$ cat protein_23.csv   # CSV, C-alpha atoms
chain,number,residue,atom,x,y,z
R,25,MET,CA,91.9,75.8,35.8
R,26,THR,CA,90.4,77.4,32.7
R,27,HIS,CA,90.2,81.2,32.5
R,28,LEU,CA,87.9,82.9,35.1
R,29,ASN,CA,84.6,84.3,33.8
R,30,GLU,CA,83.3,87.7,34.7
R,31,GLU,CA,80.9,86.4,37.3
R,32,GLN,CA,83.7,84.6,39.2
R,33,LEU,CA,85.7,87.9,39.1
R,34,ILE,CA,82.7,89.9,40.4
R,35,LEU,CA,82.1,87.4,43.2
R,36,TYR,CA,85.8,87.6,44.1
R,37,TYR,CA,85.8,91.4,44.1
R,38,TYR,CA,83.0,91.3,46.6
R,39,ALA,CA,84.6,88.5,48.6
R,40,GLU,CA,81.7,86.2,47.9
R,41,GLY,CA,81.7,82.7,46.5
R,42,GLY,CA,83.2,79.5,47.9
R,43,ASP,CA,86.2,79.1,45.6
R,44,ARG,CA,88.2,82.1,46.7
R,45,PRO,CA,91.5,80.4,47.2
R,46,ALA,CA,91.3,78.8,43.8
R,47,VAL,CA,90.5,82.1,42.1
R,48,GLU,CA,93.4,83.8,44.0
R,49,GLU,CA,95.8,81.1,42.9
R,50,HIS,CA,94.7,81.4,39.3
R,51,LEU,CA,95.0,85.2,39.3
R,52,ALA,CA,98.5,84.9,40.6
R,53,SER,CA,99.5,82.6,37.7
R,54,CYS,CA,97.4,84.0,34.7
R,55,ALA,CA,98.2,87.4,33.3
R,56,ALA,CA,95.1,87.5,31.1
R,57,CYS,CA,92.7,87.0,34.0
R,58,ARG,CA,94.7,89.3,36.2
R,59,SER,CA,94.4,92.0,33.6
R,60,GLN,CA,90.6,91.3,33.4
R,61,TYR,CA,90.3,91.6,37.1
R,62,GLN,CA,92.3,94.8,37.3
R,63,GLY,CA,89.9,96.3,34.7
R,64,LEU,CA,86.9,95.2,36.7
R,65,GLN,CA,88.5,96.5,40.0
R,66,GLY,CA,89.2,99.8,38.4
R,67,THR,CA,85.6,100.2,37.3
R,68,LEU,CA,84.1,99.2,40.5
R,69,ASP,CA,86.5,101.3,42.6
R,70,ALA,CA,85.4,104.3,40.5
R,71,VAL,CA,81.8,103.8,41.4
R,72,GLU,CA,81.5,105.7,44.6
R,73,GLY,CA,78.4,106.9,46.4
R,74,ALA,CA,78.2,109.6,49.0
R,75,PRO,CA,77.7,108.3,52.5
R,76,ALA,CA,74.1,108.4,53.5
R,77,PRO,CA,73.1,111.6,55.4
R,78,GLU,CA,73.7,111.3,59.1
R,79,ARG,CA,70.7,111.1,61.4
R,80,SER,CA,71.0,112.5,64.9
R,81,PRO,CA,71.3,110.0,67.8
R,82,ASP,CA,67.6,110.6,68.7
R,83,TYR,CA,66.4,110.0,65.2
R,84,GLY,CA,64.6,106.8,66.2
R,85,SER,CA,62.7,108.8,68.9
R,86,ALA,CA,61.7,111.4,66.3
R,87,VAL,CA,60.4,108.8,63.9
R,88,TRP,CA,58.5,107.2,66.7
R,89,GLY,CA,57.1,110.7,67.7
R,90,ARG,CA,55.7,111.2,64.2
R,91,LEU,CA,54.5,107.6,63.8
R,92,ARG,CA,52.7,107.2,67.1
R,93,PRO,CA,49.6,109.3,66.3
R,94,ARG,CA,49.2,107.3,63.1
R,95,LEU,CA,49.2,104.1,65.0
R,96,GLY,CA,46.4,105.4,67.1
R,97,VAL,CA,44.3,106.0,64.0
R,98,GLU,CA,45.3,102.5,62.8
R,99,ARG,CA,44.2,100.9,66.1
R,100,ARG,CA,40.8,102.7,66.0
R,101,GLN,CA,40.3,101.5,62.4
R,102,ARG,CA,41.3,98.0,63.5
R,103,TRP,CA,38.8,98.2,66.4
R,104,ARG,CA,36.1,99.1,63.9
R,105,ARG,CA,37.0,96.1,61.8
R,106,TRP,CA,37.1,93.8,64.8
R,107,ALA,CA,33.7,95.2,65.9
R,108,ALA,CA,32.4,94.4,62.5
R,109,ILE,CA,33.9,90.9,62.7
R,110,GLY,CA,32.5,90.5,66.2
R,111,ALA,CA,29.1,91.4,64.9
R,112,VAL,CA,29.4,88.8,62.2
R,113,ALA,CA,30.6,86.2,64.7
R,114,ALA,CA,27.7,87.1,67.0
R,115,MET,CA,25.3,86.5,64.0
R,116,VAL,CA,27.1,83.2,63.2
R,117,THR,CA,26.6,82.2,66.9
R,118,LEU,CA,23.0,83.2,66.8
R,119,ALA,CA,22.6,81.3,63.6
R,120,PHE,CA,24.2,78.2,65.2
R,121,LEU,CA,22.0,78.4,68.2
R,122,ALA,CA,19.0,78.9,66.0
R,123,GLY,CA,20.2,75.8,64.2
R,124,ARG,CA,19.7,73.8,67.4
R,125,PHE,CA,16.0,74.4,67.0
R,126,TRP,CA,15.7,74.7,63.3
R,127,GLN,CA,17.7,72.4,60.9
R,128,PRO,CA,18.8,74.3,57.8
R,129,PRO,CA,18.9,72.7,54.4
R,130,PRO,CA,22.2,70.9,53.6
R,131,GLN,CA,23.3,73.6,51.2
R,132,GLU,CA,23.4,76.2,53.9
R,133,ARG,CA,25.2,73.9,56.4
R,134,ALA,CA,28.0,73.7,53.9
R,135,SER,CA,28.4,77.5,53.6
R,136,LEU,CA,30.2,78.0,56.9
R,137,SER,CA,33.0,75.6,56.0
R,138,THR,CA,33.2,77.2,52.6
R,139,LEU,CA,33.6,80.6,54.2
R,140,ALA,CA,36.4,79.3,56.4
R,141,ARG,CA,38.1,77.9,53.3
R,142,GLN,CA,37.7,81.1,51.4
R,143,ARG,CA,39.3,83.1,54.2
R,144,LEU,CA,42.3,80.8,54.3
R,145,LEU,CA,42.6,81.0,50.5
R,146,LEU,CA,42.4,84.8,50.6
R,147,ALA,CA,45.3,85.0,53.0
R,148,ASP,CA,47.6,82.9,50.8
R,149,VAL,CA,46.4,84.6,47.6
R,150,GLY,CA,47.2,88.0,49.1
R,151,ASP,CA,50.9,87.0,49.6
R,152,HIS,CA,51.0,85.4,46.2
R,153,LEU,CA,49.7,88.5,44.5
R,154,GLU,CA,52.2,90.7,46.3
R,155,ARG,CA,55.0,88.5,44.9
R,156,ALA,CA,53.5,88.6,41.5
R,157,GLN,CA,53.3,92.4,41.6
R,158,MET,CA,57.0,92.6,42.4
R,159,VAL,CA,58.1,90.5,39.5
R,160,LEU,CA,55.6,92.2,37.1
R,161,THR,CA,56.8,95.6,38.2
R,162,GLU,CA,60.4,94.6,37.7
R,163,VAL,CA,59.6,93.5,34.1
R,164,ALA,CA,57.5,96.7,33.5
R,165,ASN,CA,60.4,98.9,34.7
R,166,THR,CA,63.1,97.2,32.6
R,167,PRO,CA,64.1,99.9,30.1
R,168,ALA,CA,63.8,98.8,26.4
R,169,ALA,CA,67.4,99.8,25.5
R,170,GLY,CA,69.2,97.4,23.3
R,171,ARG,CA,68.8,93.6,23.9
R,172,VAL,CA,67.6,93.0,27.4
R,173,ASP,CA,68.3,89.8,29.4
R,174,ILE,CA,65.3,88.8,31.5
R,175,SER,CA,66.5,85.4,32.5
R,176,ALA,CA,66.5,86.3,36.2
R,177,GLU,CA,62.8,87.4,36.0
R,178,GLN,CA,62.0,84.2,34.1
R,179,GLN,CA,63.4,82.1,37.0
R,180,TRP,CA,61.2,84.1,39.4
R,181,VAL,CA,58.2,83.7,37.1
R,182,GLN,CA,58.7,79.9,37.0
R,183,ASP,CA,58.5,79.8,40.8
R,184,LEU,CA,55.2,81.8,40.7
R,185,LEU,CA,53.6,79.7,37.9
R,186,SER,CA,53.1,76.5,39.9
R,187,SER,CA,51.6,78.3,42.9
R,188,ASN,CA,49.4,80.5,40.7
R,189,ARG,CA,48.0,77.4,39.0
R,190,LEU,CA,47.2,75.9,42.4
R,191,TYR,CA,45.5,79.1,43.7
R,192,ARG,CA,43.5,79.5,40.5
R,193,GLN,CA,42.2,75.9,40.7
R,194,THR,CA,41.4,76.3,44.4
R,195,ALA,CA,39.7,79.7,43.8
R,196,ALA,CA,37.6,78.2,41.0
R,197,GLY,CA,36.7,75.2,43.1
R,198,SER,CA,35.6,77.2,46.1
R,199,GLY,CA,33.4,79.5,44.0
R,200,GLN,CA,35.8,82.6,44.1
R,201,LEU,CA,35.3,83.3,40.5
R,202,ALA,CA,36.5,86.9,40.4
R,203,VAL,CA,39.8,85.7,42.0
R,204,ALA,CA,40.0,82.8,39.6
R,205,VAL,CA,39.5,85.0,36.5
R,206,VAL,CA,42.3,87.4,37.5
R,207,LEU,CA,44.6,84.5,38.4
R,208,ASP,CA,43.8,82.9,35.0
R,209,GLU,CA,44.8,86.1,33.2
R,210,LEU,CA,47.9,86.4,35.4
R,211,GLU,CA,48.9,82.9,34.5
R,212,ARG,CA,48.7,83.6,30.8
R,213,VAL,CA,51.0,86.6,31.2
R,214,LEU,CA,53.4,84.7,33.4
R,215,LEU,CA,53.5,81.9,30.8
R,216,GLU,CA,54.2,84.4,28.1
R,217,ILE,CA,57.2,85.8,30.1
R,218,ALA,CA,58.4,82.3,31.0
R,219,HIS,CA,58.3,81.2,27.4
R,220,SER,CA,59.9,84.3,25.8
R,221,PRO,CA,63.5,84.2,24.7
R,222,SER,CA,65.7,85.2,27.6
R,223,ARG,CA,67.2,88.0,25.6
R,224,LEU,CA,64.6,90.4,24.2
R,225,SER,CA,64.8,93.0,21.5
R,226,PRO,CA,63.3,96.4,22.3
R,227,ARG,CA,60.1,95.5,20.2
R,228,GLU,CA,59.7,92.2,22.1
R,229,LEU,CA,60.1,93.9,25.4
R,230,GLU,CA,57.6,96.5,24.5
R,231,ASP,CA,55.1,93.7,23.7
R,232,ILE,CA,55.7,92.2,27.1
R,233,HIS,CA,55.4,95.6,28.7
R,234,ARG,CA,51.9,96.1,27.2
R,235,ARG,CA,50.8,92.7,28.5
R,236,VAL,CA,52.3,93.4,31.9
R,237,ASP,CA,50.7,96.9,32.2
R,238,GLY,CA,47.3,95.4,31.5
R,239,ILE,CA,47.5,92.6,34.1
R,240,LEU,CA,49.4,94.7,36.7
R,241,PHE,CA,46.4,97.0,37.3
R,242,GLN,CA,44.1,94.0,37.8
R,243,VAL,CA,46.6,92.3,40.1
R,244,ARG,CA,46.9,95.5,42.2
R,245,SER,CA,43.1,95.9,42.4
R,246,LEU,CA,42.6,92.3,43.4
R,247,SER,CA,45.5,92.4,45.9
R,248,SER,CA,43.9,95.5,47.7
R,249,GLN,CA,40.5,93.8,47.6
R,250,VAL,CA,41.8,90.6,49.0
R,251,ARG,CA,43.6,92.5,51.8
R,252,ARG,CA,40.4,94.3,52.7
R,253,ASP,CA,38.4,91.1,52.6
R,254,GLN,CA,40.9,89.5,55.0
R,255,LEU,CA,40.4,92.2,57.6
P,5,MET,CA,72.1,98.7,72.8
P,6,ASN,CA,70.8,99.2,76.4
P,7,GLY,CA,71.0,96.0,78.4
P,8,MET,CA,67.5,96.5,79.6
P,9,GLU,CA,66.1,96.7,76.0
P,10,PRO,CA,64.3,93.6,74.9
P,11,THR,CA,65.4,91.5,71.9
P,12,ASP,CA,63.6,92.1,68.6
P,13,GLU,CA,61.6,88.9,69.1
P,14,ALA,CA,60.5,89.9,72.6
P,15,ALA,CA,59.6,93.4,71.4
P,16,VAL,CA,57.5,91.9,68.5
P,17,ALA,CA,55.7,89.7,71.1
P,18,ARG,CA,54.9,92.7,73.2
P,19,ALA,CA,53.7,94.7,70.3
P,20,ARG,CA,51.5,91.9,69.1
P,21,ALA,CA,50.0,91.7,72.6
P,22,GLY,CA,49.0,95.4,72.2
P,23,ASP,CA,51.9,96.9,74.1
P,24,GLU,CA,52.9,100.1,72.2
P,25,GLU,CA,56.3,100.1,74.0
P,26,GLY,CA,57.3,96.9,72.2
P,27,PHE,CA,56.8,98.6,68.8
P,28,ARG,CA,58.6,101.8,70.0
P,29,VAL,CA,61.7,99.7,70.7
P,30,LEU,CA,61.6,98.2,67.1
P,31,VAL,CA,61.1,101.6,65.5
P,32,GLU,CA,63.9,103.3,67.5
P,33,ARG,CA,66.2,100.4,66.8
P,34,HIS,CA,65.7,100.0,63.1
P,35,SER,CA,64.9,103.6,61.9
P,36,ARG,CA,68.4,104.5,60.9
P,37,THR,CA,69.0,101.4,58.7
P,38,VAL,CA,65.6,101.8,57.1
P,39,PHE,CA,66.4,105.4,56.4
P,40,ARG,CA,69.7,104.6,54.8
P,41,LEU,CA,68.2,102.0,52.5
P,42,ALA,CA,65.4,104.3,51.6
P,43,TRP,CA,67.8,107.1,50.8
P,44,ARG,CA,69.9,104.9,48.6
P,45,MET,CA,66.8,103.8,46.7
P,46,THR,CA,64.9,107.1,46.4
P,47,GLY,CA,67.9,109.4,46.2
P,48,ASN,CA,66.6,112.2,48.5
P,49,GLU,CA,65.9,112.8,52.1
P,50,HIS,CA,62.3,113.9,51.8
P,51,ASP,CA,61.2,110.7,50.1
P,52,ALA,CA,63.4,108.6,52.3
P,53,GLU,CA,61.6,110.0,55.4
P,54,GLU,CA,58.3,109.2,53.8
P,55,VAL,CA,59.4,105.7,53.2
P,56,VAL,CA,60.5,105.3,56.8
P,57,GLN,CA,57.1,106.3,58.0
P,58,GLU,CA,55.2,104.1,55.6
P,59,THR,CA,57.5,101.1,56.3
P,60,PHE,CA,56.8,101.1,60.0
P,61,LEU,CA,53.1,101.7,59.5
P,62,ASN,CA,52.9,98.8,57.1
P,63,ALA,CA,55.0,96.7,59.6
P,64,TYR,CA,52.5,97.6,62.3
P,65,ARG,CA,49.6,96.5,60.2
P,66,ARG,CA,51.3,93.2,59.2
P,67,LEU,CA,52.9,92.4,62.6
P,68,ASP,CA,50.6,89.3,63.0
P,69,ARG,CA,52.1,87.9,59.7
P,70,TYR,CA,55.7,88.3,60.8
P,71,GLU,CA,57.3,84.9,61.3
P,72,ALA,CA,60.5,84.5,63.2
P,73,ARG,CA,62.0,82.4,60.3
P,74,SER,CA,63.9,85.6,59.3
P,75,SER,CA,65.1,88.3,61.6
P,76,PHE,CA,62.9,91.3,62.2
P,77,GLY,CA,65.7,93.4,60.6
P,78,THR,CA,65.4,91.4,57.3
P,79,TRP,CA,61.6,91.6,57.4
P,80,ILE,CA,61.5,95.3,57.9
P,81,TYR,CA,64.1,95.7,55.1
P,82,ARG,CA,61.8,93.8,52.8
P,83,ILE,CA,58.9,96.1,53.6
P,84,ALA,CA,61.2,99.1,53.1
P,85,VAL,CA,62.2,97.9,49.7
P,86,ASN,CA,58.6,97.5,48.7
P,87,CYS,CA,57.6,100.9,50.1
P,88,SER,CA,60.6,102.5,48.2
P,89,LEU,CA,59.6,100.9,44.9
P,90,ASP,CA,56.0,102.0,45.4
P,91,LEU,CA,57.1,105.6,46.0
P,92,ILE,CA,59.4,105.4,43.0
P,93,ARG,CA,56.5,104.2,40.8
P,94,ALA,CA,54.2,106.9,42.1
P,95,ARG,CA,56.9,109.5,41.4
P,96,ARG,CA,57.3,108.1,37.9
P,97,ARG,CA,53.6,108.4,37.3
P,98,ARG,CA,53.6,112.0,38.5
P,99,THR,CA,56.7,113.1,36.6
P,100,GLY,CA,56.3,111.0,33.5
P,101,ALA,CA,58.4,108.3,32.0
P,102,GLU,CA,60.8,110.8,30.3
P,103,SER,CA,62.4,111.5,33.7
P,104,SER,CA,62.9,107.8,34.6
P,105,ASP,CA,66.6,108.2,34.2
P,106,THR,CA,66.6,110.4,37.3
P,107,LEU,CA,64.9,107.8,39.4
P,108,LEU,CA,66.9,106.1,42.1
P,109,ALA,CA,69.5,108.8,42.1
P,110,PHE,CA,73.0,107.7,43.0
P,111,PRO,CA,74.5,110.7,44.8
P,112,SER,CA,78.3,110.9,44.0
P,113,ARG,CA,80.9,111.5,46.6
P,114,ASP,CA,82.8,114.8,46.2
P,115,PRO,CA,85.9,114.0,44.3
P,116,GLY,CA,89.4,114.6,45.7
P,117,PRO,CA,91.6,117.1,43.8
P,118,ASP,CA,93.6,114.3,42.0
P,119,ARG,CA,90.4,112.8,40.6
P,120,LEU,CA,88.6,116.0,39.8
P,121,ALA,CA,89.4,116.1,36.1
P,122,PHE,CA,87.8,112.8,35.2
P,123,SER,CA,85.4,112.2,38.0
P,124,GLY,CA,82.8,114.5,36.5
P,125,GLU,CA,82.7,112.5,33.3
P,126,VAL,CA,82.8,109.2,35.3
P,127,GLY,CA,80.0,110.5,37.5
P,128,ASP,CA,77.9,111.3,34.4
P,129,ARG,CA,78.5,107.9,33.0
P,130,VAL,CA,77.7,106.2,36.2
P,131,GLU,CA,74.4,108.2,36.5
P,132,GLN,CA,73.6,107.3,32.9
P,133,ALA,CA,74.5,103.6,33.3
P,134,LEU,CA,72.4,103.4,36.5
P,135,GLY,CA,69.5,105.0,34.7
P,136,GLU,CA,69.5,102.0,32.4
P,137,LEU,CA,69.3,99.5,35.2
P,138,SER,CA,65.9,98.2,36.5
P,139,PRO,CA,65.1,99.3,40.0
P,140,MET,CA,65.8,95.8,41.3
P,141,GLU,CA,69.2,95.7,39.6
P,142,ARG,CA,70.1,99.1,41.1
P,143,THR,CA,68.9,98.2,44.5
P,144,ALA,CA,70.7,94.9,44.6
P,145,PHE,CA,73.9,96.6,43.3
P,146,MET,CA,73.7,99.5,45.8
P,147,LEU,CA,73.1,97.2,48.7
P,148,ARG,CA,76.1,95.1,47.7
P,149,HIS,CA,78.4,97.8,46.6
P,150,LEU,CA,77.7,100.7,48.9
P,151,GLU,CA,76.0,99.1,51.9
P,152,GLY,CA,78.3,96.0,52.0
P,153,MET,CA,75.4,93.6,52.4
P,154,SER,CA,76.1,90.0,51.4
P,155,LEU,CA,74.3,88.5,48.4
P,156,HIS,CA,72.4,86.2,50.8
P,157,GLU,CA,71.2,89.1,52.9
P,158,ILE,CA,70.2,91.0,49.8
P,159,ALA,CA,68.2,88.0,48.5
P,160,LEU,CA,66.3,87.9,51.8
P,161,ALA,CA,65.6,91.6,51.7
P,162,LEU,CA,64.4,91.6,48.1
P,163,ASP,CA,62.5,88.3,48.6
P,164,ARG,CA,64.3,86.7,45.6
P,165,ASN,CA,66.4,83.6,45.4
P,166,LEU,CA,70.2,83.8,45.5
P,167,ASP,CA,70.7,83.1,41.8
P,168,ALA,CA,68.3,85.8,40.8
P,169,THR,CA,70.0,88.3,43.2
P,170,LYS,CA,73.4,87.4,41.8
P,171,ASN,CA,72.2,88.0,38.3
P,172,CYS,CA,70.9,91.4,39.2
P,173,VAL,CA,74.3,92.4,40.6
P,174,PHE,CA,76.1,90.8,37.6
P,175,ARG,CA,74.0,92.7,35.1
P,176,ALA,CA,74.5,95.9,37.0
P,177,VAL,CA,78.3,95.5,37.0
P,178,GLN,CA,78.3,94.5,33.3
P,179,LYS,CA,76.4,97.6,32.3
P,180,LEU,CA,78.6,99.9,34.5
P,181,ARG,CA,81.7,98.4,32.9
P,182,ARG,CA,80.4,99.0,29.4
P,183,ALA,CA,79.6,102.6,30.4
P,184,LEU,CA,82.8,103.4,32.2
P,185,GLU,CA,85.5,101.6,30.3
P,186,PRO,CA,85.7,104.2,27.5
P,187,VAL,CA,86.3,106.9,30.1
P,188,ARG,CA,88.8,104.8,32.1
P,189,SER,CA,90.8,103.9,29.0
P,190,THR,CA,91.5,107.6,28.3
P,191,VAL,CA,93.0,108.2,31.7

$ encode --input "protein_23.csv" --output "structure tokens"
Amino acid sequence: MTHLNEEQLILYYYAEGGDRPAVEEHLASCAACRSQYQGLQGTLDAVEGAPAPERSPDYGSAVWGRLRPRLGVERRQRWRRWAAIGAVAAMVTLAFLAGRFWQPPPQERASLSTLARQRLLLADVGDHLERAQMVLTEVANTPAAGRVDISAEQQWVQDLLSSNRLYRQTAAGSGQLAVAVVLDELERVLLEIAHSPSRLSPRELEDIHRRVDGILFQVRSLSSQVRRDQL
Amino acid sequence: MNGMEPTDEAAVARARAGDEEGFRVLVERHSRTVFRLAWRMTGNEHDAEEVVQETFLNAYRRLDRYEARSSFGTWIYRIAVNCSLDLIRARRRRTGAESSDTLLAFPSRDPGPDRLAFSGEVGDRVEQALGELSPMERTAFMLRHLEGMSLHEIALALDRNLDATKNCVFRAVQKLRRALEPVRSTV
């Protein structure tokens, strides 16, 4: 077995990874790796945190007591939203019944199925935007100190890119132009992150930060709007 | 757990059907773990309590979107992570970027007498090194190192894949080593 790398040693320290017996055997026979591991162990053992403050046994009840009135407000708001949806549904039903007696032009007949498609799209786009917000925030919060490795964020961005492309095309195809425009801009920023070097200088990271800050605001606004529209 | 208490899935079903008692069971069962996570991430009790409230309120709003593919505990953890990050961002906007190194505080354990001499410097170095981690790196590291969660559980809670989660922990450990080794080598 060649020498162990730092990642294998970290996984071994945390009792993770499948090759534990092999690592153990190697450590027993290799003084250099054993010394490396002892260094790592010493560092991690020194990193201690205080135990989290204890909560009383009835903490859950206290949380519930504070939360319950807010749920009441939430339910009333939800009722109002349902009432609004009900009113829309009633109008749709009336429109349907009216259609029995009056045949609308083909363009209007298509609008109902378009609406259904749009609502389905909004539900998915909402989840997608939340994931995009997480990765963008992560990039935006990476401190520009020395060279920074963003390879993990790039992997995540790659996952988002293909779904973003699909949502953008669907949004454009179903006439949701405002959504498509933001997704288009988001895609450019995601591509820029994906195609950047995985280790960035402070200046390169600052460039990325500027791009991310710009799109993050738009993504948050659209995400809130999409969530409202879903209700 | 009381034998009469429903499982999480049964409680979710009741809550979805409009039965408040179902949601009460979930809140009472998961409040402490949500608090502990929020405290690790925000570094103070006041903010952690706020995160607990927001987490359960968000969960209540999104209950229809919960899918039993992951456990309710993992799902609520994920919401709590997002709420904590939101609060940290809001705090950063209020206090300004210059205090970012105090975000996600990492409260140190009181040192024993034998460690007192160098623990102060170690604690300072640890604080400094943690200040240089991204919130996700710190969160992943703290969940692994202090809460003893497996990398797989952390990946689910952070909604990231396993490799990305491992990388977060690796980077955190590497930065801590760089920060602490000069101090350790003098002891």

$ interface_residues --input "protein_23.csv" --of "chain P" --to "chain R" --cutoff "7 Å" --atoms "only C-alpha atoms" --output "list of chain:residue names"
P:Arg28, P:Val31, P:Glu32, P:Arg33, P:Ser35, P:Arg36, P:Arg40, P:Trp43, P:Gln57, P:Phe110, P:Pro111, P:Ser112, P:Arg113, P:Glu136, P:Ser138, P:Met140, P:Leu150, P:Ala168, P:Asn171, P:Phe174, P:Arg181, P:Leu184

$ atom_distance --input "protein_23.csv" --atom1 "atom CA of R:Leu28" --atom2 "atom CA of R:Val47"
7.5 Å

$ residues_around --input "protein_23.csv" --residues "R:Arg212" --least-positions-apart "5" --cutoff "12 Å" --atoms "all atoms listed in the file" --output "compact mmCIF listing (two decimals) with C-alpha atoms, in the coordinates of the input"
# COMPACT_ATOMS: atom_id res chain seq x y z
CA VAL R 181 58.20 83.70 37.10
CA LEU R 184 55.20 81.80 40.70
CA LEU R 185 53.60 79.70 37.90
CA ASN R 188 49.40 80.50 40.70
CA ARG R 189 48.00 77.40 39.00
CA ARG R 192 43.50 79.50 40.50
CA VAL R 205 39.50 85.00 36.50
CA VAL R 206 42.30 87.40 37.50
CA LEU R 207 44.60 84.50 38.40
CA ILE R 217 57.20 85.80 30.10
CA ALA R 218 58.40 82.30 31.00
CA HIS R 219 58.30 81.20 27.40
CA ILE R 232 55.70 92.20 27.10
CA ARG R 235 50.80 92.70 28.50
CA VAL R 236 52.30 93.40 31.90
CA GLY R 238 47.30 95.40 31.50
CA ILE R 239 47.50 92.60 34.10

$ atom_distance --input "protein_23.csv" --atom1 "atom CA of P:Thr78" --atom2 "atom CA of R:Val250"
25.0 Å

$ residues_near_point --input "protein_23.csv" --point "(58.3, 99.7, 72.0)" --cutoff "10 Å" --atoms "all atoms listed in the file" --output "PyMOL selection string"
(chain R and resi 88) or (chain P and resi 9-10+12+15-16+18-19+23-33)

$ atom_distance --input "protein_23.csv" --atom1 "atom CA of P:Leu166" --atom2 "atom CA of P:Thr11"
27.9 Å

$ closest_residue --input "protein_23.csv" --among "P:Ala72, P:Val126, P:Ala52, P:Ala144" --to "P:His156" --atoms "all atoms listed in the file"
P:Ala144

$ residues_around --input "protein_23.csv" --residues "R:Arg223" --least-positions-apart "2" --cutoff "10 Å" --atoms "only C-alpha atoms" --output "ChimeraX atom specification"
/R:170-175,220-221,225-226,228-229

$ residues_around --input "protein_23.csv" --residues "P:Arg66" --least-positions-apart "5" --cutoff "12 Å" --atoms "all atoms listed in the file" --output "PyMOL selection string"
(chain R and resi 98+102+147+151+251+254-255) or (chain P and resi 16+19-20+59-61+71+79-80+83)

$ residues_around --input "protein_23.csv" --residues "R:Phe241" --least-positions-apart "4" --cutoff "12 Å" --atoms "all atoms listed in the file" --output "list in words"
Leu153, Ala156, Gln157, Leu160, Thr161, Ala164, Val206, Glu209, Leu210, Arg234, Arg235, Val236, Asp237, Ser245, Leu246, Ser247 and Ser248 of chain R

$ closest_residue --input "protein_23.csv" --among "P:Glu157, P:Met8, P:Val177, P:Cys172" --to "P:Ser74" --atoms "only C-alpha atoms"
P:Glu157

$ residues_around --input "protein_23.csv" --residues "P:Asp51" --least-positions-apart "3" --cutoff "10 Å" --atoms "all atoms listed in the file" --output "PyMOL selection string"
chain P and resi 39+42-43+45-48+54-57+88+91-92+95

$ decode --input "protein_23.csv" --residues "stretch 33-46 of chain P" --atoms "N, CA and C atoms" --output "CSV table (one decimal), in the first residue's frame"
chain,number,residue,atom,x,y,z
P,33,ARG,N,-41.0,16.5,19.9
P,33,ARG,CA,-40.0,15.5,19.7
P,33,ARG,C,-38.7,16.0,19.1
P,34,HIS,N,-38.7,17.0,18.3
P,34,HIS,CA,-37.5,17.4,17.5
P,34,HIS,C,-36.9,18.7,18.0
P,35,SER,N,-37.6,19.4,18.9
P,35,SER,CA,-37.1,20.8,19.3
P,35,SER,C,-35.7,20.8,19.8
P,36,ARG,N,-35.4,19.8,20.6
P,36,ARG,CA,-34.1,19.8,21.3
P,36,ARG,C,-32.9,19.7,20.3
P,37,THR,N,-33.1,18.7,19.3
P,37,THR,CA,-32.1,18.5,18.3
P,37,THR,C,-32.0,19.8,17.4
P,38,VAL,N,-33.1,20.3,17.1
P,38,VAL,CA,-33.1,21.6,16.2
P,38,VAL,C,-32.4,22.7,17.0
P,39,PHE,N,-32.7,22.8,18.3
P,39,PHE,CA,-32.0,23.8,19.1
P,39,PHE,C,-30.5,23.6,19.1
P,40,ARG,N,-30.1,22.4,19.3
P,40,ARG,CA,-28.6,22.1,19.4
P,40,ARG,C,-27.9,22.5,18.1
P,41,LEU,N,-28.5,22.1,17.0
P,41,LEU,CA,-27.9,22.4,15.7
P,41,LEU,C,-27.9,23.9,15.5
P,42,ALA,N,-29.0,24.6,15.8
P,42,ALA,CA,-29.0,26.1,15.6
P,42,ALA,C,-28.0,26.8,16.5
P,43,TRP,N,-27.8,26.2,17.7
P,43,TRP,CA,-26.9,26.9,18.6
P,43,TRP,C,-25.4,26.7,18.1
P,44,ARG,N,-25.2,25.5,17.6
P,44,ARG,CA,-23.8,25.2,17.0
P,44,ARG,C,-23.6,26.2,15.8
P,45,MET,N,-24.6,26.5,15.0
P,45,MET,CA,-24.4,27.3,13.9
P,45,MET,C,-24.4,28.8,14.2
P,46,THR,N,-25.3,29.2,15.1
P,46,THR,CA,-25.4,30.7,15.3
P,46,THR,C,-24.5,31.1,16.4
